[in-house]
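Note: the block below is final30.tsv and it holds TSV, C-alpha atoms.
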chain	number	residue	atom	x	y	z
A	1	MET	CA	13.44	127.60	-5.00
A	2	SER	CA	15.38	124.81	-3.67
A	3	ASP	CA	14.55	122.13	-1.20
A	4	SER	CA	16.69	123.67	1.48
A	5	ASP	CA	14.93	127.05	1.46
A	6	GLU	CA	12.46	127.71	4.19
A	7	LEU	CA	9.04	128.77	3.23
A	8	ASP	CA	7.73	131.92	4.72
A	9	LEU	CA	3.98	131.62	4.59
A	10	ASP	CA	3.25	134.45	7.01
A	11	GLY	CA	4.73	137.14	4.91
A	12	GLY	CA	8.15	137.46	6.38
A	13	GLU	CA	7.16	138.46	9.91
A	14	PRO	CA	8.52	136.42	12.75
A	15	SER	CA	5.89	134.25	14.42
A	16	GLU	CA	4.84	134.76	18.03
A	17	LEU	CA	5.74	131.23	19.00
A	18	ASP	CA	9.33	131.61	17.97
A	19	SER	CA	10.01	134.83	19.83
A	20	GLY	CA	7.67	134.82	22.87
A	21	ALA	CA	7.84	131.25	24.26
A	22	LYS	CA	10.86	130.04	26.13
A	23	LYS	CA	11.66	126.40	26.80
A	24	PRO	CA	11.15	125.46	30.48
A	25	SER	CA	14.35	124.93	32.33
A	26	GLY	CA	15.49	123.36	35.64
A	27	LEU	CA	13.07	121.57	37.96
A	28	VAL	CA	10.02	122.38	35.84
A	29	ALA	CA	11.51	120.44	32.93
A	30	LEU	CA	12.30	117.40	35.15
A	31	LEU	CA	8.88	117.23	36.82
A	32	PRO	CA	7.03	115.31	34.05
A	33	ASN	CA	9.88	112.81	33.72
A	34	LEU	CA	10.09	112.40	37.51
A	35	LEU	CA	6.33	111.82	37.79
A	36	LYS	CA	6.54	109.26	34.97
A	37	PHE	CA	9.23	107.23	36.82
A	38	VAL	CA	7.36	107.45	40.15
A	39	ALA	CA	4.20	106.13	38.44
A	40	ILE	CA	6.19	103.25	36.86
A	41	GLY	CA	7.73	102.43	40.27
A	42	LEU	CA	4.32	102.40	42.01
A	43	ALA	CA	2.85	100.21	39.26
A	44	ALA	CA	5.77	97.77	39.60
A	45	LEU	CA	5.35	97.69	43.40
A	46	LEU	CA	1.62	96.97	43.12
A	47	PHE	CA	2.31	94.22	40.57
A	48	ILE	CA	4.89	92.55	42.86
A	49	ILE	CA	2.58	92.72	45.89
A	50	THR	CA	-0.30	91.23	43.89
A	51	ILE	CA	1.87	88.35	42.64
A	52	CYS	CA	3.13	87.67	46.19
A	53	VAL	CA	-0.39	87.58	47.65
A	54	ILE	CA	-1.68	85.25	44.91
A	55	THR	CA	1.32	82.91	45.29
A	56	PHE	CA	0.96	82.84	49.08
A	57	ASN	CA	-2.74	81.97	48.83
A	58	ILE	CA	-2.12	79.19	46.30
A	59	LEU	CA	0.63	77.63	48.41
A	60	ASN	CA	-1.43	77.70	51.61
A	61	LYS	CA	-4.47	76.04	50.03
A	62	GLN	CA	-2.54	73.04	48.69
A	63	GLY	CA	-0.63	71.89	51.76
A	64	PRO	CA	-1.14	71.31	55.45
A	65	SER	CA	-1.00	74.18	57.83
A	66	GLN	CA	2.44	75.17	59.04
A	67	THR	CA	1.10	75.73	62.54
A	68	ILE	CA	1.25	72.59	64.65
A	69	MET	CA	-1.35	72.24	67.35
A	70	PRO	CA	-0.64	69.76	70.15
A	71	ASP	CA	-2.89	66.71	70.06
A	72	SER	CA	-3.20	66.27	73.78
A	73	SER	CA	-3.69	68.53	76.66
A	74	PRO	CA	-0.73	69.14	78.96
A	75	TYR	CA	-3.00	68.01	81.78
A	76	VAL	CA	-2.78	64.28	82.34
A	77	GLY	CA	-5.81	62.92	84.15
A	78	THR	CA	-6.02	59.83	86.24
A	79	ARG	CA	-6.41	56.49	84.53
A	80	PRO	CA	-9.78	54.86	85.05
A	81	GLN	CA	-10.02	52.01	87.51
A	82	TYR	CA	-11.72	48.83	86.41
A	83	SER	CA	-13.17	45.83	88.16
A	84	MET	CA	-11.37	42.65	87.14
A	85	PHE	CA	-12.88	39.30	86.26
A	86	THR	CA	-10.26	36.66	87.07
A	87	SER	CA	-12.35	33.47	87.23
A	88	ILE	CA	-11.36	32.21	83.78
A	89	GLY	CA	-8.18	30.66	85.14
A	90	VAL	CA	-5.26	29.19	83.23
A	91	ILE	CA	-6.11	27.82	79.77
A	92	ARG	CA	-3.73	25.42	78.00
A	93	THR	CA	-4.19	24.68	74.27
A	94	GLN	CA	-2.27	24.16	71.03
A	95	THR	CA	-1.78	26.53	68.08
A	96	LYS	CA	-2.89	25.81	64.53
A	97	ASP	CA	0.71	25.44	63.29
A	98	THR	CA	1.68	22.19	61.51
A	99	ALA	CA	4.26	21.57	64.23
A	100	PRO	CA	1.98	22.50	67.12
A	101	TYR	CA	3.05	24.83	69.87
A	102	THR	CA	1.50	24.82	73.32
A	103	VAL	CA	-0.11	28.03	74.52
A	104	VAL	CA	-0.63	28.69	78.22
A	105	VAL	CA	-2.70	31.77	78.94
A	106	ASP	CA	-4.11	33.33	82.09
A	107	MET	CA	-6.34	36.21	81.02
A	108	VAL	CA	-8.03	38.91	83.11
A	109	ILE	CA	-11.01	40.89	81.82
A	110	GLY	CA	-11.52	44.48	83.02
A	111	TYR	CA	-14.91	46.22	83.03
A	112	ASP	CA	-16.40	49.39	84.54
A	113	GLN	CA	-16.63	49.39	88.35
A	114	ASN	CA	-20.27	50.50	88.23
A	115	ASP	CA	-21.32	47.89	85.66
A	116	ASN	CA	-23.01	45.23	87.79
A	117	ALA	CA	-24.62	43.69	84.70
A	118	ALA	CA	-21.19	42.91	83.25
A	119	ALA	CA	-20.04	41.15	86.43
A	120	GLY	CA	-23.20	39.04	86.55
A	121	GLU	CA	-23.08	38.20	82.85
A	122	MET	CA	-19.41	37.15	82.96
A	123	THR	CA	-20.05	34.95	85.98
A	124	SER	CA	-23.03	33.29	84.30
A	125	ARG	CA	-21.11	32.82	81.05
A	126	LEU	CA	-17.89	31.53	82.64
A	127	TYR	CA	-17.83	28.32	80.61
A	128	GLU	CA	-18.49	30.22	77.37
A	129	LEU	CA	-15.64	32.59	78.21
A	130	ARG	CA	-13.26	29.69	78.86
A	131	ASP	CA	-14.30	28.06	75.59
A	132	PHE	CA	-13.85	31.36	73.75
A	133	VAL	CA	-10.31	31.83	75.12
A	134	ARG	CA	-9.37	28.25	74.23
A	135	SER	CA	-10.75	28.46	70.69
A	136	PHE	CA	-9.30	31.96	70.12
A	137	PHE	CA	-5.75	30.89	70.91
A	138	ARG	CA	-6.21	27.54	69.11
A	139	SER	CA	-7.01	29.49	65.89
A	140	LYS	CA	-3.73	31.46	66.05
A	141	THR	CA	-0.24	30.55	64.90
A	142	ALA	CA	2.88	30.90	67.05
A	143	ALA	CA	3.98	33.86	64.90
A	144	GLU	CA	0.71	35.69	65.65
A	145	LEU	CA	1.22	35.14	69.40
A	146	GLN	CA	4.64	36.81	69.56
A	147	PRO	CA	5.12	39.56	72.20
A	148	GLU	CA	5.18	42.34	69.58
A	149	ASN	CA	1.59	41.38	68.59
A	150	GLU	CA	0.23	41.45	72.14
A	151	ALA	CA	-1.57	44.81	71.82
A	152	ARG	CA	-3.30	43.66	68.63
A	153	LEU	CA	-4.33	40.38	70.32
A	154	LYS	CA	-5.82	42.26	73.28
A	155	GLN	CA	-7.78	44.56	70.96
A	156	GLU	CA	-9.08	41.63	68.92
A	157	ILE	CA	-10.17	39.71	72.04
A	158	MET	CA	-11.90	42.79	73.45
A	159	GLU	CA	-13.81	43.49	70.22
A	160	THR	CA	-14.88	39.84	69.88
A	161	LEU	CA	-16.08	39.66	73.49
A	162	ASN	CA	-18.06	42.89	73.17
A	163	THR	CA	-19.69	41.97	69.85
A	164	ARG	CA	-20.16	38.18	69.89
A	165	VAL	CA	-19.94	36.78	73.41
A	166	LEU	CA	-21.36	39.32	75.86
A	167	ASN	CA	-24.78	40.93	75.52
A	168	SER	CA	-25.02	43.74	78.06
A	169	GLY	CA	-21.58	43.89	79.66
A	170	LYS	CA	-18.78	45.74	77.90
A	171	VAL	CA	-15.12	44.82	78.26
A	172	LYS	CA	-12.82	47.84	78.72
A	173	VAL	CA	-9.41	46.19	79.06
A	174	ILE	CA	-7.76	42.80	78.58
A	175	LEU	CA	-4.71	41.83	80.65
A	176	PHE	CA	-2.53	38.73	80.53
A	177	ASN	CA	-1.14	37.34	83.78
A	178	GLN	CA	0.53	34.70	81.65
A	179	LEU	CA	0.91	34.20	77.91
A	180	ASP	CA	3.48	31.56	77.09
A	181	VAL	CA	3.99	29.94	73.69
A	182	MET	CA	6.18	26.83	73.91
A	183	GLU	CA	7.34	24.46	71.22
A	184	MET	CA	6.31	20.85	71.83

Target format structure tokens, applied to this file:
Amino acid sequence: MSDSDELDLDGGEPSELDSGAKKPSGLVALLPNLLKFVAIGLAALLFIITICVITFNILNKQGPSQTIMPDSSPYVGTRPQYSMFTSIGVIRTQTKDTAPYTVVVDMVIGYDQNDNAAAGEMTSRLYELRDFVRSFFRSKTAAELQPENEARLKQEIMETLNTRVLNSGKVKVILFNQLDVMEM
């Protein structure tokens, strides 16, 4: 026997598999392949969705929110009205610069209208308030008294008055009727 001869182990009779079974044809033959590609497509879709959700969550946790909320209400209320202490008068002093400048200031102190203790305390401490204003402006340079620094000066004066000069009264606003810095 040669290598190319087929072996007939069953005794020469044709087997049942060869004669009775037909190969499936048409749509039945395509169904397993079609189901395989649909399963691959669904798996790919689930993988892409998972990656997108994970990426979206990572990006949102690292940065600020993309939604901007307005800081203030559209409703603008009325500004509070204050009682004004004007008895300090005009104070004239020099700055601490090497070439001294003259400072002329007329300051008004605002406090709550219902705060009778503040009015009484400011009246009783009038000379301390005048001395404070004189020494405050004497400790500043002409550059620190420029108009662009006015808001910072007002805040600094208000904080110093509330913490070091006045006991019970609280200053709410500082206004300047006059703040002139002149070279001598």

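Proximity ranking of A:Phe176, A:Phe37, A:Phe56, A:Phe137 relative to A:Gly110 places A:Phe176 first, based on only C-alpha atoms.
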
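If you look at atom CA of A:Pro147 and atom CA of A:Val103, they are 12.9 Å away from each other.
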
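You can rank A:Arg134, A:Thr50, A:Lys36, A:Thr123 by their closest distance to A:Val104 using only C-alpha atoms, and at the top of that list sits A:Arg134.
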
Neighbour list for stretch 86-102 of chain A as a compact mmCIF listing (two decimals) with C-alpha atoms, in the frame of the given file, cut-off 12 Å, all atoms listed in the file, skip fewer than 3 positions in-chain:
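Listing of selection_18.txt after writing:
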# COMPACT_ATOMS: atom_id res chain seq x y z
CA SER A 83 -13.17 45.83 88.16
CA VAL A 105 -2.70 31.77 78.94
CA ASP A 106 -4.11 33.33 82.09
CA MET A 107 -6.34 36.21 81.02
CA VAL A 108 -8.03 38.91 83.11
CA ILE A 109 -11.01 40.89 81.82
CA GLY A 110 -11.52 44.48 83.02
CA TYR A 111 -14.91 46.22 83.03
CA ALA A 119 -20.04 41.15 86.43
CA MET A 122 -19.41 37.15 82.96
CA THR A 123 -20.05 34.95 85.98
CA SER A 124 -23.03 33.29 84.30
CA ARG A 125 -21.11 32.82 81.05
CA LEU A 126 -17.89 31.53 82.64
CA TYR A 127 -17.83 28.32 80.61
CA GLU A 128 -18.49 30.22 77.37
CA LEU A 129 -15.64 32.59 78.21
CA ARG A 130 -13.26 29.69 78.86
CA ASP A 131 -14.30 28.06 75.59
CA PHE A 132 -13.85 31.36 73.75
CA VAL A 133 -10.31 31.83 75.12
CA ARG A 134 -9.37 28.25 74.23
CA SER A 135 -10.75 28.46 70.69
CA PHE A 136 -9.30 31.96 70.12
CA PHE A 137 -5.75 30.89 70.91
CA ARG A 138 -6.21 27.54 69.11
CA SER A 139 -7.01 29.49 65.89
CA LYS A 140 -3.73 31.46 66.05
CA THR A 141 -0.24 30.55 64.90
CA ALA A 142 2.88 30.90 67.05
CA ALA A 143 3.98 33.86 64.90
CA GLU A 144 0.71 35.69 65.65
CA LEU A 145 1.22 35.14 69.40
CA ILE A 174 -7.76 42.80 78.58
CA LEU A 175 -4.71 41.83 80.65
CA PHE A 176 -2.53 38.73 80.53
CA ASN A 177 -1.14 37.34 83.78
CA GLN A 178 0.53 34.70 81.65
CA LEU A 179 0.91 34.20 77.91
CA ASP A 180 3.48 31.56 77.09
CA VAL A 181 3.99 29.94 73.69
CA MET A 182 6.18 26.83 73.91
CA GLU A 183 7.34 24.46 71.22
CA MET A 184 6.31 20.85 71.83

Record the distance separating atom CA of A:Asn114 and atom CA of A:Tyr82, expressed in Å with one decimal.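 Those two atoms sit 8.9 Å apart.
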
Could you pull stretch 58-170 of chain A out of the block above and give me C-alpha atoms, as a CSV table (one decimal), in the first residue's frame?
chain,number,residue,atom,x,y,z
A,58,ILE,CA,-11.8,61.7,35.6
A,59,LEU,CA,-11.9,65.1,33.8
A,60,ASN,CA,-14.8,66.4,35.9
A,61,LYS,CA,-13.1,65.6,39.2
A,62,GLN,CA,-9.8,67.4,38.4
A,63,GLY,CA,-11.1,70.8,37.2
A,64,PRO,CA,-13.7,73.4,38.2
A,65,SER,CA,-17.3,73.0,37.2
A,66,GLN,CA,-18.2,74.2,33.8
A,67,THR,CA,-21.4,75.6,35.1
A,68,ILE,CA,-21.1,79.2,36.2
A,69,MET,CA,-23.4,80.3,39.0
A,70,PRO,CA,-23.9,84.1,39.4
A,71,ASP,CA,-22.3,85.4,42.6
A,72,SER,CA,-24.9,88.0,43.3
A,73,SER,CA,-28.6,88.1,43.2
A,74,PRO,CA,-30.2,90.1,40.4
A,75,TYR,CA,-32.0,92.0,43.1
A,76,VAL,CA,-30.1,95.0,44.3
A,77,GLY,CA,-31.2,96.2,47.7
A,78,THR,CA,-30.9,99.6,49.2
A,79,ARG,CA,-27.6,100.7,50.6
A,80,PRO,CA,-27.5,101.1,54.4
A,81,GLN,CA,-27.7,104.6,55.8
A,82,TYR,CA,-25.2,105.6,58.4
A,83,SER,CA,-24.9,108.3,60.9
A,84,MET,CA,-21.8,110.5,60.3
A,85,PHE,CA,-19.3,111.8,62.8
A,86,THR,CA,-17.8,115.0,61.4
A,87,SER,CA,-16.3,116.6,64.5
A,88,ILE,CA,-12.8,115.6,63.7
A,89,GLY,CA,-12.3,118.6,61.4
A,90,VAL,CA,-9.4,119.3,59.1
A,91,ILE,CA,-6.1,117.8,60.1
A,92,ARG,CA,-2.8,119.1,58.6
A,93,THR,CA,0.4,117.1,59.0
A,94,GLN,CA,3.6,116.0,57.1
A,95,THR,CA,4.4,112.6,55.6
A,96,LYS,CA,7.4,110.5,56.6
A,97,ASP,CA,9.2,111.1,53.3
A,98,THR,CA,12.7,112.5,53.4
A,99,ALA,CA,11.5,115.5,51.4
A,100,PRO,CA,8.3,116.0,53.4
A,101,TYR,CA,4.9,116.5,51.8
A,102,THR,CA,2.1,118.2,53.5
A,103,VAL,CA,-1.1,116.2,54.0
A,104,VAL,CA,-4.5,118.0,54.5
A,105,VAL,CA,-7.3,115.6,55.4
A,106,ASP,CA,-10.9,116.1,56.4
A,107,MET,CA,-12.3,112.7,57.4
A,108,VAL,CA,-15.8,111.6,58.2
A,109,ILE,CA,-16.6,108.4,60.2
A,110,GLY,CA,-19.8,106.5,59.5
A,111,TYR,CA,-21.5,104.2,62.0
A,112,ASP,CA,-24.9,102.5,62.4
A,113,GLN,CA,-27.8,104.9,62.9
A,114,ASN,CA,-29.1,102.9,65.9
A,115,ASP,CA,-25.7,102.7,67.6
A,116,ASN,CA,-25.9,105.4,70.3
A,117,ALA,CA,-22.9,104.0,72.1
A,118,ALA,CA,-20.7,104.7,69.1
A,119,ALA,CA,-21.8,108.3,68.9
A,120,GLY,CA,-21.2,108.9,72.6
A,121,GLU,CA,-17.8,107.1,72.5
A,122,MET,CA,-16.6,109.1,69.4
A,123,THR,CA,-17.6,112.4,71.0
A,124,SER,CA,-15.8,111.5,74.3
A,125,ARG,CA,-12.7,110.4,72.4
A,126,LEU,CA,-12.6,113.3,70.0
A,127,TYR,CA,-9.0,114.3,70.9
A,128,GLU,CA,-7.8,110.7,70.6
A,129,LEU,CA,-9.5,110.4,67.1
A,130,ARG,CA,-7.8,113.6,66.0
A,131,ASP,CA,-4.4,112.4,67.3
A,132,PHE,CA,-5.0,109.0,65.6
A,133,VAL,CA,-5.7,110.7,62.2
A,134,ARG,CA,-2.6,112.9,62.5
A,135,SER,CA,-0.3,110.1,63.5
A,136,PHE,CA,-1.8,107.7,60.8
A,137,PHE,CA,-1.1,110.1,58.0
A,138,ARG,CA,2.2,111.1,59.4
A,139,SER,CA,3.4,107.5,59.2
A,140,LYS,CA,2.6,107.2,55.5
A,141,THR,CA,4.6,108.2,52.5
A,142,ALA,CA,3.3,110.4,49.6
A,143,ALA,CA,3.3,107.3,47.4
A,144,GLU,CA,1.0,105.4,49.8
A,145,LEU,CA,-1.4,108.4,49.8
A,146,GLN,CA,-2.0,108.4,46.1
A,147,PRO,CA,-5.6,108.3,44.9
A,148,GLU,CA,-5.4,104.7,43.6
A,149,ASN,CA,-4.6,103.6,47.2
A,150,GLU,CA,-7.6,105.4,48.8
A,151,ALA,CA,-9.8,102.3,49.2
A,152,ARG,CA,-6.9,100.5,51.0
A,153,LEU,CA,-6.3,103.5,53.2
A,154,LYS,CA,-10.0,103.6,54.2
A,155,GLN,CA,-10.0,99.9,55.0
A,156,GLU,CA,-6.9,100.3,57.1
A,157,ILE,CA,-8.2,103.3,59.1
A,158,MET,CA,-11.5,101.5,59.7
A,159,GLU,CA,-9.8,98.3,61.0
A,160,THR,CA,-7.5,100.3,63.2
A,161,LEU,CA,-10.3,102.3,64.7
A,162,ASN,CA,-12.4,99.2,65.4
A,163,THR,CA,-9.6,97.2,67.0
A,164,ARG,CA,-7.4,99.8,68.7
A,165,VAL,CA,-9.2,103.1,69.3
A,166,LEU,CA,-12.8,102.4,69.9
A,167,ASN,CA,-14.2,100.0,72.5
A,168,SER,CA,-17.9,99.6,71.9
A,169,GLY,CA,-18.6,101.6,68.8
A,170,LYS,CA,-17.9,100.1,65.4
